Every structure is written in C-alpha cells, then in structure tokens.
>>> print(open('coords_27.cif').read())   # mmCIF, C-alpha atoms
data_structure
loop_
_atom_site.label_atom_id
_atom_site.label_comp_id
_atom_site.auth_asym_id
_atom_site.auth_seq_id
_atom_site.Cartn_x
_atom_site.Cartn_y
_atom_site.Cartn_z
CA MET G 5 0.00 0.00 0.00
CA THR G 6 1.34 3.44 -0.90
CA ASP G 7 1.59 6.17 1.69
CA ALA G 8 -1.06 8.15 -0.14
CA ALA G 9 -3.48 5.22 -0.15
CA LEU G 10 -2.90 4.56 3.54
CA GLU G 11 -3.41 8.23 4.35
CA ALA G 12 -6.65 8.30 2.34
CA GLU G 13 -8.00 5.25 4.20
CA LEU G 14 -6.91 6.70 7.54
CA MET G 15 -8.75 9.95 6.84
CA GLU G 16 -11.87 8.04 5.80
CA ILE G 17 -11.84 6.35 9.23
CA MET G 18 -11.18 9.64 11.03
CA ARG G 19 -14.00 11.46 9.25
CA ASP G 20 -16.37 8.61 10.10
CA VAL G 21 -15.37 8.20 13.76
CA LEU G 22 -15.17 11.92 14.55
CA ASP G 23 -18.22 12.78 12.44
CA VAL G 24 -16.33 15.55 10.65
CA ASP G 25 -16.58 16.02 6.88
CA ASP G 26 -13.81 18.50 6.08
CA LEU G 27 -10.73 16.80 7.44
CA ASN G 28 -7.59 16.30 5.34
CA TYR G 29 -4.37 14.49 6.07
CA ASP G 30 -1.79 16.64 7.80
CA GLU G 31 1.28 15.08 9.38
CA ASN G 32 1.17 17.63 12.23
CA LEU G 33 -2.54 17.49 13.01
CA THR G 34 -3.23 16.95 16.73
CA ALA G 35 -6.34 16.61 18.89
CA ASP G 36 -5.96 20.31 19.73
CA ASP G 37 -6.76 21.17 16.11
CA VAL G 38 -9.97 19.14 15.86
CA GLU G 39 -12.79 19.92 18.27
CA GLU G 40 -14.31 16.41 17.99
CA TRP G 41 -10.99 14.62 18.61
CA ASP G 42 -10.96 14.15 22.38
CA SER G 43 -9.86 11.42 24.77
CA LEU G 44 -13.10 9.51 24.20
CA SER G 45 -13.12 9.60 20.42
CA HIS G 46 -9.37 8.86 20.42
CA VAL G 47 -10.05 5.38 21.84
CA ARG G 48 -12.70 4.73 19.20
CA LEU G 49 -10.39 6.04 16.49
CA ILE G 50 -7.58 3.71 17.55
CA VAL G 51 -9.88 0.68 17.68
CA ALA G 52 -11.36 1.55 14.26
CA VAL G 53 -7.82 1.84 12.85
CA GLU G 54 -6.85 -1.49 14.47
CA LYS G 55 -9.83 -3.26 12.93
CA HIS G 56 -9.40 -1.72 9.50
CA PHE G 57 -5.66 -2.33 9.14
CA GLY G 58 -5.54 -5.58 11.12
CA VAL G 59 -3.06 -4.28 13.68
CA ARG G 60 -2.99 -3.98 17.50
CA PHE G 61 -1.40 -1.16 19.50
CA SER G 62 -0.21 -1.29 23.11
CA THR G 63 -1.46 1.27 25.66
CA GLN G 64 2.02 2.79 25.64
CA GLU G 65 1.98 3.19 21.86
CA ILE G 66 -1.47 4.74 21.96
CA GLU G 67 -0.43 7.30 24.57
CA ALA G 68 2.64 8.25 22.53
CA MET G 69 0.52 9.15 19.48
CA ARG G 70 0.27 12.92 19.65
CA ARG G 71 0.25 13.84 15.96
CA LEU G 72 -1.56 12.24 13.06
CA GLY G 73 1.86 11.45 11.55
CA ASP G 74 2.64 9.32 14.65
CA LEU G 75 -0.46 7.24 14.02
CA ARG G 76 0.32 6.88 10.29
CA ARG G 77 3.89 5.71 11.03
CA ALA G 78 2.68 3.31 13.74
CA ILE G 79 0.31 1.68 11.23
CA THR G 80 3.10 1.36 8.67
CA THR G 81 5.49 -0.15 11.21
CA LYS G 82 2.90 -2.65 12.48
CA LYS G 83 1.88 -3.69 8.98
CA ALA G 84 5.53 -4.15 7.98
CA GLY G 85 6.11 -6.24 11.11
CA ALA G 86 3.10 -8.40 10.34
CA ALA G 87 4.00 -8.92 6.68
CA MET Y 13 -8.29 40.06 19.71
CA GLY Y 14 -6.67 37.43 21.91
CA VAL Y 15 -7.90 33.85 21.76
CA LEU Y 16 -9.09 32.48 25.09
CA SER Y 17 -7.49 29.24 26.19
CA ASP Y 18 -9.67 26.31 27.28
CA ARG Y 19 -8.59 27.01 30.84
CA ASP Y 20 -9.65 30.67 30.55
CA VAL Y 21 -13.08 29.62 29.29
CA VAL Y 22 -13.46 27.08 32.11
CA LEU Y 23 -12.65 29.74 34.69
CA ALA Y 24 -15.13 32.18 33.13
CA LEU Y 25 -17.86 29.50 33.13
CA THR Y 26 -17.33 28.87 36.84
CA ASP Y 27 -17.31 32.53 37.84
CA ALA Y 28 -20.45 32.10 39.95
CA ALA Y 29 -19.63 28.55 41.07
CA PRO Y 30 -16.64 28.77 43.43
CA ALA Y 31 -16.72 25.16 44.63
CA THR Y 32 -16.86 23.84 41.07
CA ARG Y 33 -14.00 26.13 40.12
CA ALA Y 34 -11.91 24.90 43.08
CA VAL Y 35 -12.39 21.27 42.02
CA ILE Y 36 -11.59 22.00 38.38
CA GLU Y 37 -8.52 24.08 39.17
CA ALA Y 38 -7.17 21.23 41.31
CA VAL Y 39 -7.70 18.79 38.45
CA LEU Y 40 -6.12 21.07 35.84
CA ASP Y 41 -3.09 21.55 38.11
CA VAL Y 42 -2.36 17.82 37.89
CA TRP Y 43 -3.78 17.35 34.38
CA PRO Y 44 -3.50 20.47 32.21
CA ASP Y 45 -4.47 18.54 29.08
CA HIS Y 46 -7.92 17.93 30.58
CA ALA Y 47 -8.92 21.59 30.01
CA ARG Y 48 -10.55 20.94 26.62
CA TYR Y 49 -12.69 18.17 28.08
CA MET Y 50 -13.65 20.36 31.04
CA ARG Y 51 -14.62 23.26 28.79
CA ARG Y 52 -16.93 21.13 26.66
CA SER Y 53 -18.38 19.43 29.72
CA LEU Y 54 -19.24 22.82 31.32
CA GLU Y 55 -20.40 24.56 28.14
CA ALA Y 56 -23.08 21.90 27.70
CA ARG Y 57 -24.70 22.55 31.10
CA THR Y 58 -27.95 24.50 31.56
CA PRO Y 59 -28.21 26.95 34.51
CA PRO Y 60 -30.10 24.35 36.64
CA GLN Y 61 -27.44 21.75 35.74
CA MET Y 62 -24.76 24.24 36.79
CA ALA Y 63 -26.60 24.75 40.10
CA ALA Y 64 -26.64 20.97 40.63
CA THR Y 65 -22.96 20.87 39.73
CA GLU Y 66 -22.15 23.45 42.39
CA THR Y 67 -24.15 21.51 45.00
CA LEU Y 68 -22.16 18.39 44.12
CA ALA Y 69 -18.88 20.33 44.22
CA GLU Y 70 -19.66 21.79 47.65
CA ALA Y 71 -20.35 18.27 48.91
CA ALA Y 72 -17.18 16.92 47.28
CA LEU Y 73 -15.09 19.61 48.99
CA LEU Y 74 -16.61 18.70 52.36
CA LEU Y 75 -15.73 15.04 51.75
CA THR Y 76 -12.14 15.72 50.73
CA ASP Y 77 -9.27 16.51 53.10
CA ASP Y 78 -6.63 16.69 50.40
CA LEU Y 79 -8.01 18.13 47.17
CA PRO Y 80 -4.77 17.90 45.13
CA GLU Y 81 -4.45 14.22 46.04
CA CYS Y 82 -8.11 13.67 45.18
CA ALA Y 83 -7.52 15.36 41.80
CA ALA Y 84 -4.54 13.08 41.14
CA ARG Y 85 -6.76 10.12 41.97
CA TYR Y 86 -9.38 11.38 39.50
CA ARG Y 87 -6.73 11.33 36.79
CA TRP Y 88 -5.67 7.82 37.86
CA THR Y 89 -9.30 6.68 37.68
CA CYS Y 90 -9.70 8.14 34.18
CA ASP Y 91 -6.60 6.20 33.10
CA ARG Y 92 -8.20 2.97 34.35
CA LEU Y 93 -11.45 3.86 32.59
CA ARG Y 94 -9.61 4.49 29.32
CA GLU Y 95 -8.14 0.99 29.53
CA GLU Y 96 -11.64 -0.39 29.97
CA GLU Y 97 -12.89 1.76 27.05
CA LEU Y 98 -10.19 0.25 24.86
CA PHE Y 99 -11.20 -3.29 25.83
CA PHE Y 100 -14.90 -2.49 25.38
CA HIS Y 101 -14.50 -1.05 21.88
CA ARG Y 102 -12.21 -3.89 20.82
CA GLU Y 103 -14.24 -6.76 22.24
CA GLY Y 104 -17.77 -5.36 22.38
CA ARG Y 105 -18.29 -6.39 26.00
CA TYR Y 106 -17.31 -5.47 29.55
CA ARG Y 107 -14.11 -7.12 30.71
CA LEU Y 108 -15.52 -8.60 33.93
CA SER Y 109 -18.79 -10.45 34.31
CA THR Y 110 -18.85 -11.88 37.82
CA PHE Y 111 -18.94 -10.31 41.27
CA ALA Y 112 -16.09 -12.62 42.31
CA GLU Y 113 -13.86 -11.09 39.62
CA ALA Y 114 -14.75 -7.55 40.68
CA GLU Y 115 -14.10 -8.49 44.32
CA ALA Y 116 -10.67 -9.88 43.42
CA GLU Y 117 -9.62 -6.99 41.15
CA VAL Y 118 -11.32 -3.97 42.69
CA TYR Y 119 -13.35 -4.23 45.90
CA GLY Y 120 -10.87 -6.42 47.75
CA ASP Y 121 -7.88 -4.19 46.91
CA ALA Y 122 -7.75 -1.41 49.52
CA ALA Y 123 -5.17 0.70 47.68
CA TYR Y 124 -7.09 0.44 44.40
CA MET Y 125 -10.35 1.34 46.14
CA ALA Y 126 -8.81 4.38 47.86
CA ASN Y 127 -7.89 5.82 44.46
CA TYR Y 128 -11.04 4.72 42.71
CA VAL Y 129 -13.53 5.98 45.32
CA ASP Y 130 -11.95 9.46 45.36
CA GLY Y 131 -11.73 9.54 41.58
CA LEU Y 132 -15.39 8.64 41.20
CA LEU Y 133 -16.37 11.36 43.68
CA LEU Y 134 -14.97 14.04 41.38
CA THR Y 135 -16.65 12.54 38.31
CA GLN Y 136 -19.94 13.57 39.92
CA VAL Y 137 -18.87 17.19 39.48
CA LEU Y 138 -16.76 16.98 36.34
CA TRP Y 139 -18.77 14.73 34.03
CA TYR Y 140 -21.73 16.26 32.24
CA ASN Y 141 -23.83 13.08 32.40
CA HIS Y 142 -23.40 12.81 36.18
CA ALA Y 143 -24.28 16.43 36.95
CA ALA Y 144 -27.22 16.31 34.51
CA SER Y 145 -28.50 13.13 36.21
CA CYS Y 146 -28.30 14.87 39.58
CA ASP Y 147 -30.27 17.83 38.19
CA PHE Y 148 -32.93 15.43 36.82
CA PHE Y 149 -33.20 13.78 40.25
CA LEU Y 150 -33.64 17.10 42.05
CA ARG Y 151 -36.12 18.58 39.54
CA GLU Y 152 -38.30 15.63 38.57
CA THR Y 153 -38.67 13.75 41.85
CA PRO Y 154 -40.64 16.17 44.10
CA ALA Y 155 -43.83 16.12 41.98
CA MET Y 156 -44.00 12.33 42.32
CA LEU Y 157 -43.39 11.97 46.06
CA ALA Y 158 -46.08 11.69 48.72
CA PRO Y 159 -45.61 13.86 51.86
CA ASP Y 160 -43.53 12.34 54.67
CA SER Y 161 -42.03 9.73 52.39
CA ARG Y 162 -40.08 6.84 53.85
CA PHE Y 163 -36.77 6.97 51.95
CA LEU Y 164 -34.33 4.17 51.17
CA GLU Y 165 -31.11 4.32 49.17
CA ILE Y 166 -29.56 0.99 48.17
CA GLY Y 167 -25.82 1.06 47.44
CA PRO Y 168 -25.42 4.68 48.61
CA GLY Y 169 -21.69 5.08 47.93
CA HIS Y 170 -20.66 8.60 48.90
CA GLY Y 171 -24.20 9.24 50.16
CA LEU Y 172 -24.73 12.19 47.81
CA MET Y 173 -28.24 11.15 46.70
CA THR Y 174 -29.35 10.58 50.30
CA TYR Y 175 -27.80 13.92 51.29
CA MET Y 176 -29.68 15.79 48.54
CA ALA Y 177 -32.94 13.93 49.22
CA LEU Y 178 -32.77 14.82 52.92
CA ARG Y 179 -32.01 18.41 52.04
CA ASP Y 180 -34.63 18.96 49.32
CA PHE Y 181 -37.45 16.42 49.67
CA ASP Y 182 -40.25 15.95 52.21
CA LEU Y 183 -39.03 12.82 53.99
CA ALA Y 184 -40.27 11.21 57.19
CA ARG Y 185 -37.14 9.10 57.59
CA ALA Y 186 -34.19 7.76 55.65
CA GLU Y 187 -32.38 4.44 55.48
CA ALA Y 188 -29.23 3.42 53.61
CA TRP Y 189 -28.51 -0.22 52.75
CA ASP Y 190 -25.46 -1.87 51.31
CA VAL Y 191 -24.31 -5.46 50.93
CA SER Y 192 -20.86 -4.41 52.17
CA SER Y 193 -20.26 -3.20 55.73
CA VAL Y 194 -17.02 -1.50 54.61
CA SER Y 195 -18.93 0.45 51.99
CA LEU Y 196 -21.69 1.34 54.43
CA ASP Y 197 -19.17 2.62 57.00
CA ARG Y 198 -17.81 4.89 54.27
CA THR Y 199 -21.32 6.18 53.53
CA ARG Y 200 -21.96 6.81 57.22
CA ALA Y 201 -18.73 8.78 57.60
CA ALA Y 202 -19.54 10.81 54.47
CA LEU Y 203 -23.09 11.64 55.52
CA GLU Y 204 -21.93 12.66 58.99
CA ARG Y 205 -19.58 15.13 57.33
CA LEU Y 206 -22.35 16.42 55.09
CA GLY Y 207 -24.65 16.90 58.07
CA GLY Y 208 -27.15 14.18 57.21
CA ALA Y 209 -27.34 12.72 60.70
CA ASP Y 210 -30.78 11.09 60.74
CA VAL Y 211 -30.09 8.07 58.60
CA ALA Y 212 -30.49 4.43 59.66
CA TYR Y 213 -27.78 2.17 58.19
CA SER Y 214 -28.19 -1.51 57.52
CA VAL Y 215 -26.06 -4.21 55.91
CA ARG Y 216 -28.49 -6.00 53.55
CA ASP Y 217 -28.36 -8.20 50.52
CA VAL Y 218 -31.28 -7.25 48.28
CA MET Y 219 -31.42 -10.83 47.03
CA THR Y 220 -32.81 -11.83 50.44
CA LEU Y 221 -35.77 -9.38 50.37
CA GLU Y 222 -39.21 -10.96 50.80
CA PRO Y 223 -42.75 -9.62 50.26
CA GLN Y 224 -43.61 -9.50 53.99
CA GLY Y 225 -40.92 -7.00 55.03
CA GLU Y 226 -41.00 -3.25 55.60
CA ARG Y 227 -42.07 -0.84 52.82
CA PHE Y 228 -40.66 2.46 51.54
CA ASP Y 229 -42.20 5.31 49.56
CA PHE Y 230 -39.04 6.32 47.70
CA VAL Y 231 -36.26 3.90 46.81
CA VAL Y 232 -33.11 5.14 45.07
CA LEU Y 233 -30.62 3.02 43.11
CA SER Y 234 -28.03 5.30 41.58
CA GLU Y 235 -25.27 3.61 39.60
CA VAL Y 236 -25.76 0.32 41.40
CA LEU Y 237 -27.51 -2.14 39.08
CA GLU Y 238 -24.67 -2.24 36.52
CA HIS Y 239 -22.45 -3.66 39.27
CA LEU Y 240 -24.68 -6.73 39.70
CA GLU Y 241 -24.60 -10.01 37.82
CA ASP Y 242 -28.39 -10.20 37.60
CA PRO Y 243 -29.93 -6.74 38.08
CA LYS Y 244 -33.42 -7.86 37.03
CA ALA Y 245 -33.50 -10.47 39.77
CA ALA Y 246 -32.43 -7.72 42.18
CA MET Y 247 -35.16 -5.34 40.97
CA ARG Y 248 -37.82 -8.04 41.38
CA ARG Y 249 -36.69 -8.44 44.99
CA ILE Y 250 -36.56 -4.67 45.51
CA ARG Y 251 -40.18 -4.47 44.29
CA HIS Y 252 -41.10 -6.14 47.60
CA VAL Y 253 -39.98 -3.11 49.65
CA VAL Y 254 -41.69 -0.44 47.51
CA ASP Y 255 -45.09 0.72 48.81
CA ASP Y 256 -47.85 -0.39 46.41
CA ALA Y 257 -49.79 2.88 46.59
CA ARG Y 258 -47.29 5.65 47.32
CA GLY Y 259 -44.07 4.08 46.15
CA VAL Y 260 -41.61 5.62 43.68
CA VAL Y 261 -38.23 4.32 42.55
CA PHE Y 262 -35.40 6.30 40.99
CA VAL Y 263 -32.93 4.29 38.94
CA ASN Y 264 -29.79 5.70 37.32
CA VAL Y 265 -27.85 3.20 35.18
CA PRO Y 266 -25.24 3.73 32.50
CA ILE Y 267 -25.48 2.38 28.95
CA ASN Y 268 -22.24 1.36 27.14
CA SER Y 269 -20.15 2.42 30.11
CA PRO Y 270 -17.07 0.24 30.63
CA SER Y 271 -15.59 0.48 34.11
CA PRO Y 272 -13.37 -1.84 36.17
CA ASP Y 273 -16.35 -3.09 38.21
CA HIS Y 274 -19.26 -2.85 35.75
CA LEU Y 275 -20.63 -6.32 35.08
CA HIS Y 276 -24.01 -5.89 33.40
CA LEU Y 277 -23.82 -4.27 29.96
CA MET Y 278 -26.81 -2.33 28.66
CA ARG Y 279 -26.44 -1.37 25.01
CA GLU Y 280 -29.69 0.48 24.34
CA PRO Y 281 -32.20 2.61 26.28
CA ASP Y 282 -34.64 -0.33 26.19
CA ASP Y 283 -32.10 -2.49 28.07
CA ALA Y 284 -32.14 0.11 30.87
CA ARG Y 285 -35.93 0.46 30.78
CA ALA Y 286 -36.33 -3.33 31.02
CA LEU Y 287 -34.80 -3.26 34.51
CA LEU Y 288 -38.04 -1.58 35.58
CA THR Y 289 -40.67 -2.59 33.03
CA GLU Y 290 -39.86 -6.32 33.30
CA CYS Y 291 -39.65 -6.21 37.09
CA GLY Y 292 -43.04 -4.88 38.20
CA PHE Y 293 -42.71 -1.14 37.55
CA VAL Y 294 -44.11 1.44 35.17
CA ILE Y 295 -41.76 4.26 34.12
CA GLU Y 296 -43.34 7.70 34.48
CA ARG Y 297 -40.39 9.99 33.77
CA GLU Y 298 -37.08 9.35 32.07
CA ALA Y 299 -34.12 11.15 30.55
CA PHE Y 300 -30.91 10.04 28.87
CA PHE Y 301 -27.71 12.04 29.28
CA ALA Y 302 -24.75 11.13 27.08
CA THR Y 303 -21.14 11.86 27.95
CA GLN Y 304 -20.25 15.44 27.04
CA ALA Y 305 -23.89 16.02 26.00
CA THR Y 306 -23.34 14.10 22.78
CA PRO Y 307 -26.68 13.81 20.90
CA LEU Y 308 -28.29 10.54 22.02
CA GLU Y 309 -28.55 8.91 18.61
CA ARG Y 310 -24.91 9.62 17.86
CA ALA Y 311 -23.81 8.46 21.32
CA LEU Y 312 -25.60 5.13 20.89
CA ARG Y 313 -24.22 4.66 17.38
CA ASN Y 314 -20.66 5.28 18.60
CA ARG Y 315 -21.19 3.44 21.88
CA VAL Y 316 -20.41 6.51 23.96
CA SER Y 317 -21.55 6.17 27.58
CA VAL Y 318 -25.08 7.38 28.38
CA SER Y 319 -26.68 7.80 31.82
CA ALA Y 320 -30.28 6.57 31.92
CA CYS Y 321 -32.39 8.23 34.63
CA MET Y 322 -35.84 6.81 35.33
CA LEU Y 323 -38.58 7.44 37.87
CA ALA Y 324 -41.13 4.64 38.12
CA ARG Y 325 -44.05 3.37 40.19
CA PRO Y 326 -45.12 -0.17 41.02
CA ARG Y 327 -47.38 -1.68 38.38
CA ALA Y 328 -50.95 -2.00 39.71
#
>>> encode(input="coords_27.cif", output="structure tokens")
Amino acid sequence: MTDAALEAELMEIMRDVLDVDDLNYDENLTADDVEEWDSLSHVRLIVAVEKHFGVRFSTQEIEAMRRLGDLRRAITTKKAGAA
Amino acid sequence: MGVLSDRDVVLALTDAAPATRAVIEAVLDVWPDHARYMRRSLEARTPPQMAATETLAEAALLLTDDLPECAARYRWTCDRLREEELFFHREGRYRLSTFAEAEAEVYGDAAYMANYVDGLLLTQVLWYNHAASCDFFLRETPAMLAPDSRFLEIGPGHGLMTYMALRDFDLARAEAWDVSSVSLDRTRAALERLGGADVAYSVRDVMTLEPQGERFDFVVLSEVLEHLEDPKAAMRRIRHVVDDARGVVFVNVPINSPSPDHLHLMREPDDARALLTECGFVIEREAFFATQATPLERALRNRVSVSACMLARPRA
C-alpha cells in the first residue's frame, strides 16, 4: 500500500469516527486542532484503525501518538512487522 | 483580539460557582491537558445543571481533606477507565462479568479502592452526564413523592443522593442499605460530614428481600444495578420493599459504560428500561444524558456512555 493510499483510508476512518466532513491528512494534526478529537473519540479512532488495518497497538503506543503522523507511522510499522 | 485558552473559558464558566472552580482548578493543576474536556463538559450545562454541579462540588469539597491528592486520583481513575474503554470497543463487551472477579480486582484491593472511590467522587462534578442526572433527580422527583415519604437508598456510595434527598425532599425518615459493611461505614462517615445525621444504616443483601418485610415510599438506586450479575432479579426483589400505593423508585444506570467493576452491559435505552418494566414497575419519567452532552442517537451509534435516569411506580 502506498503512503497516499494509507493516508486516504486513515482519513476516511477519522471522518467517520469523529463525524467531521472537512478533514484532510496533515502530518502535524493533533487533537488540539480538531474539536471532535478528544480522549473519548481517540479510543474509538484507535480501535477503528486497528480493525481496518488488522493491527494492534499497546497502551504505551497509543499514549505516545500525539500527531496524526505518529499514528500513520505506527500503522506502517505494524503492517511491515506483520508482513 | 486574543484567543481564550480552554482554561480561561473554564474559569469564566465557573465565575459564579466557586466550589466547582476549586475542584476543576485542582484537576487542571495535575492534568493540564484535561482543560478541553472540562470546557466542553461545562459549556453543555444549563443553569439548573450548573446549580446541581455546584451543590455536588460543595459536597465533594466537604468530603475531601486533600483536594490535590483527590484530583490526582481522579486522573488515575480516568486512566483505568480508558483501559476499559479500549477493551470495550475492541471486544464489544465489559471485561468482567462476575462479582467474584470484581471483588478480586477492585473491591478487595484497599489501595485500588482508595484511588477509585476518590476519583469517582470528582466525576460527579466533572462529568456532564453525572451532573445532569443529579439535576434530573432534584427537579423531577418532588412532583412524584407523597408527603412524609419513607426513603431508602440501596448502594449509597458517597451518600450524595441521600444527602440531597434529605435536604430537598419531604421525607419522614431515611435508610441506607449496602451489601458491604465497609462500603456502608464509608457512607456513614460521608453523611456525617455532610450533616445528614438522621439516617439508619443496615447491611443488607437485596437478594434476600421478601414480600412480607417493611415498605418504603421512595427507593433510590443510583449507579448500582450495573455492578450486579443479575440486576433484574435484584429489581424483582426490591419491588417487595416499595409501597404499592405511594411508592416511587429512581434508577440511574449507565449504557455502554465500561468500568473496572461494571458487570451488566446495557447497550440500548430499552435495556435500561427493562430493569423496571420487566420487574413490576411502570416508568413515568425518564431522561438520557450522554457523555459530554453528545446527541443521544450519535452516542448510541458510537457506543459513547449514556446515563439513563428513570422514575417509576409499582405496576398495579
């Protein structure tokens, strides 16, 4: 999967979970930038990402994800490890 | 024009609520990143809900000797709840299902309980759904109660519902029951601090209640039934102590609300209603308050926690 394809799928999940239509991929996007991205929706976002990409994150990994780029890289790393 | 920070907004919203502000400032001191959540939680509250919030905060301050420590314990509790949220959304169920498991992991662990009990106390103030439930209780109950009601709270915890009922409702007497003597001692100590002296305490297992016992006019079960393995069996027993003619019950249960000691999962409003409608009661008033005032339909779709508040009478 290309980076662009992964980013597109990730944003599809984010828009669905957060119920926000106008959200585009930005490496530096954080929860502070998106009103609907709070501690509650973060858990749902992570689980939706896990189910979609067939990966599993540890609590430590989840807490370390501050920026959207962190989440994108974590998915890539996990998928590479699983392949 | 300067942009107000979340913390600035929170402080402005609590301008006329000094106890609430004290609690929130203590929490933000140990958890600055919680300011966004606090702002949204407060912005959603109506003036009556803010008044209920302040009542809860005043009580919480009376029950707390060390507010910074209590705030740290609130953060600790939220960390535990986030772990349960993760499990719940991954697996679609609560992690524990038996009382024995909850006893082993939570109730029997004194250090865990010390953190957890203090953390939960502050959720009453800080979480929209808890303060809104309290406001519902205070506003909707009086019109349903007969004068000189005999009051019973089962599983009273911090005693906040009993405290508010004694303060605001026309009660002849009040009793508090719990299956655990340790828990009941904690309630007694709390109510003595809050000034609710005239309460009779009794260690009781509701599963032993029989039709020929004493009767009450107002029975409260607030965030209790989700901790039981078989809440419907409990409600059928509790029906025996509710007066046939004058009786009212208030039940507050959470839907889709993973917690270290929640055993009985309710997924929909009808699951909560069934605790009453399938156990000899007719619901007369109800309201559903989702976390952070999320619209109900969206909360249910996303499995965000919702508090179900219901006032019911015995079915004729």
>>> closest_atom_pairs(input="coords_27.cif", of="chain G", to="chain Y", cutoff="7 Å", atoms="all atoms listed in the file", output="Markdown table")
| residue | atom | partner | partner_atom | distance |
| --- | --- | --- | --- | --- |
| G:Val47 | CA | Y:Leu98 | CA | 6.0 |
| G:Arg48 | CA | Y:His101 | CA | 6.6 |
| G:Val51 | CA | Y:Arg102 | CA | 6.0 |
>>> resolve_selection(input="coords_27.cif", expression="the PyMOL selection byres ((chain G and resi 5) around 12)", output="PyMOL selection string")
chain G and resi 6-13+57+79-80+83-84+87
>>> resolve_selection(input="coords_27.cif", expression="the PyMOL selection byres ((chain Y and resi 125) around 12)", output="MDAnalysis selection string")
chainID Y and resid 85 88:89 114:124 126:133 194:195 198 272:273
>>> atom_distance(input="coords_27.cif", atom1="CA of Thr26 in chain Y", atom2="CA of Arg70 in chain G")
29.3 Å
>>> resolve_selection(input="coords_27.cif", expression="the PyMOL selection byres ((chain Y and resi 58-65) around 6)", output="MDAnalysis selection string")
chainID Y and resid 57 66:68 137 143:144 147
>>> atom_distance(input="coords_27.cif", atom1="CA of His274 in chain Y", atom2="CA of His239 in chain Y")
4.8 Å
>>> closest_residue(input="coords_27.cif", among="Y:Ala34, Y:Leu157, Y:Leu74, Y:Val265", to="Ala284 in chain Y", atoms="all atoms listed in the file")
Y:Val265
>>> build_atoms(input="coords_27.cif", residues="range 259-266 of chain Y", atoms="all heavy atoms", output="PDB file, in the frame of the given file")
ATOM      1  N   GLY Y 259     -45.481   4.310  46.446  1.00  0.00           N
ATOM      2  CA  GLY Y 259     -44.070   4.080  46.150  1.00  0.00           C
ATOM      3  C   GLY Y 259     -43.564   4.657  44.837  1.00  0.00           C
ATOM      4  O   GLY Y 259     -44.271   4.681  43.831  1.00  0.00           O
ATOM      5  N   VAL Y 260     -42.316   5.123  44.871  1.00  0.00           N
ATOM      6  CA  VAL Y 260     -41.610   5.620  43.680  1.00  0.00           C
ATOM      7  C   VAL Y 260     -40.189   5.061  43.739  1.00  0.00           C
ATOM      8  O   VAL Y 260     -39.603   4.958  44.829  1.00  0.00           O
ATOM      9  CB  VAL Y 260     -41.538   7.168  43.690  1.00  0.00           C
ATOM     10  CG1 VAL Y 260     -40.696   7.681  42.524  1.00  0.00           C
ATOM     11  CG2 VAL Y 260     -42.925   7.783  43.657  1.00  0.00           C
ATOM     12  N   VAL Y 261     -39.645   4.686  42.592  1.00  0.00           N
ATOM     13  CA  VAL Y 261     -38.230   4.320  42.550  1.00  0.00           C
ATOM     14  C   VAL Y 261     -37.502   5.226  41.556  1.00  0.00           C
ATOM     15  O   VAL Y 261     -38.055   5.591  40.518  1.00  0.00           O
ATOM     16  CB  VAL Y 261     -37.963   2.836  42.160  1.00  0.00           C
ATOM     17  CG1 VAL Y 261     -38.452   1.890  43.232  1.00  0.00           C
ATOM     18  CG2 VAL Y 261     -38.588   2.500  40.821  1.00  0.00           C
ATOM     19  N   PHE Y 262     -36.288   5.573  41.910  1.00  0.00           N
ATOM     20  CA  PHE Y 262     -35.400   6.300  40.990  1.00  0.00           C
ATOM     21  C   PHE Y 262     -34.244   5.362  40.668  1.00  0.00           C
ATOM     22  O   PHE Y 262     -33.576   4.844  41.571  1.00  0.00           O
ATOM     23  CB  PHE Y 262     -34.855   7.567  41.650  1.00  0.00           C
ATOM     24  CG  PHE Y 262     -33.757   8.239  40.840  1.00  0.00           C
ATOM     25  CD1 PHE Y 262     -34.065   9.060  39.763  1.00  0.00           C
ATOM     26  CD2 PHE Y 262     -32.413   8.038  41.150  1.00  0.00           C
ATOM     27  CE1 PHE Y 262     -33.060   9.666  39.012  1.00  0.00           C
ATOM     28  CE2 PHE Y 262     -31.406   8.639  40.403  1.00  0.00           C
ATOM     29  CZ  PHE Y 262     -31.724   9.465  39.333  1.00  0.00           C
ATOM     30  N   VAL Y 263     -34.050   5.129  39.372  1.00  0.00           N
ATOM     31  CA  VAL Y 263     -32.930   4.290  38.940  1.00  0.00           C
ATOM     32  C   VAL Y 263     -32.067   5.084  37.966  1.00  0.00           C
ATOM     33  O   VAL Y 263     -32.578   5.705  37.030  1.00  0.00           O
ATOM     34  CB  VAL Y 263     -33.440   2.996  38.245  1.00  0.00           C
ATOM     35  CG1 VAL Y 263     -32.314   2.298  37.497  1.00  0.00           C
ATOM     36  CG2 VAL Y 263     -34.052   2.049  39.272  1.00  0.00           C
ATOM     37  N   ASN Y 264     -30.767   5.087  38.229  1.00  0.00           N
ATOM     38  CA  ASN Y 264     -29.790   5.700  37.320  1.00  0.00           C
ATOM     39  C   ASN Y 264     -28.792   4.613  36.945  1.00  0.00           C
ATOM     40  O   ASN Y 264     -28.090   4.101  37.828  1.00  0.00           O
ATOM     41  CB  ASN Y 264     -29.107   6.878  38.032  1.00  0.00           C
ATOM     42  CG  ASN Y 264     -28.006   7.517  37.196  1.00  0.00           C
ATOM     43  OD1 ASN Y 264     -27.838   7.204  36.013  1.00  0.00           O
ATOM     44  ND2 ASN Y 264     -27.261   8.415  37.824  1.00  0.00           N
ATOM     45  N   VAL Y 265     -28.796   4.227  35.654  1.00  0.00           N
ATOM     46  CA  VAL Y 265     -27.850   3.200  35.180  1.00  0.00           C
ATOM     47  C   VAL Y 265     -27.164   3.681  33.906  1.00  0.00           C
ATOM     48  O   VAL Y 265     -27.783   4.367  33.086  1.00  0.00           O
ATOM     49  CB  VAL Y 265     -28.529   1.838  34.888  1.00  0.00           C
ATOM     50  CG1 VAL Y 265     -28.908   1.111  36.153  1.00  0.00           C
ATOM     51  CG2 VAL Y 265     -29.718   2.001  33.964  1.00  0.00           C
ATOM     52  N   PRO Y 266     -25.914   3.309  33.724  1.00  0.00           N
ATOM     53  CA  PRO Y 266     -25.240   3.730  32.500  1.00  0.00           C
ATOM     54  C   PRO Y 266     -25.320   2.685  31.389  1.00  0.00           C
ATOM     55  O   PRO Y 266     -25.233   1.491  31.632  1.00  0.00           O
ATOM     56  CB  PRO Y 266     -23.790   3.909  32.959  1.00  0.00           C
ATOM     57  CG  PRO Y 266     -23.629   2.904  34.062  1.00  0.00           C
ATOM     58  CD  PRO Y 266     -24.985   2.673  34.668  1.00  0.00           C
TER      59      PRO Y 266
END
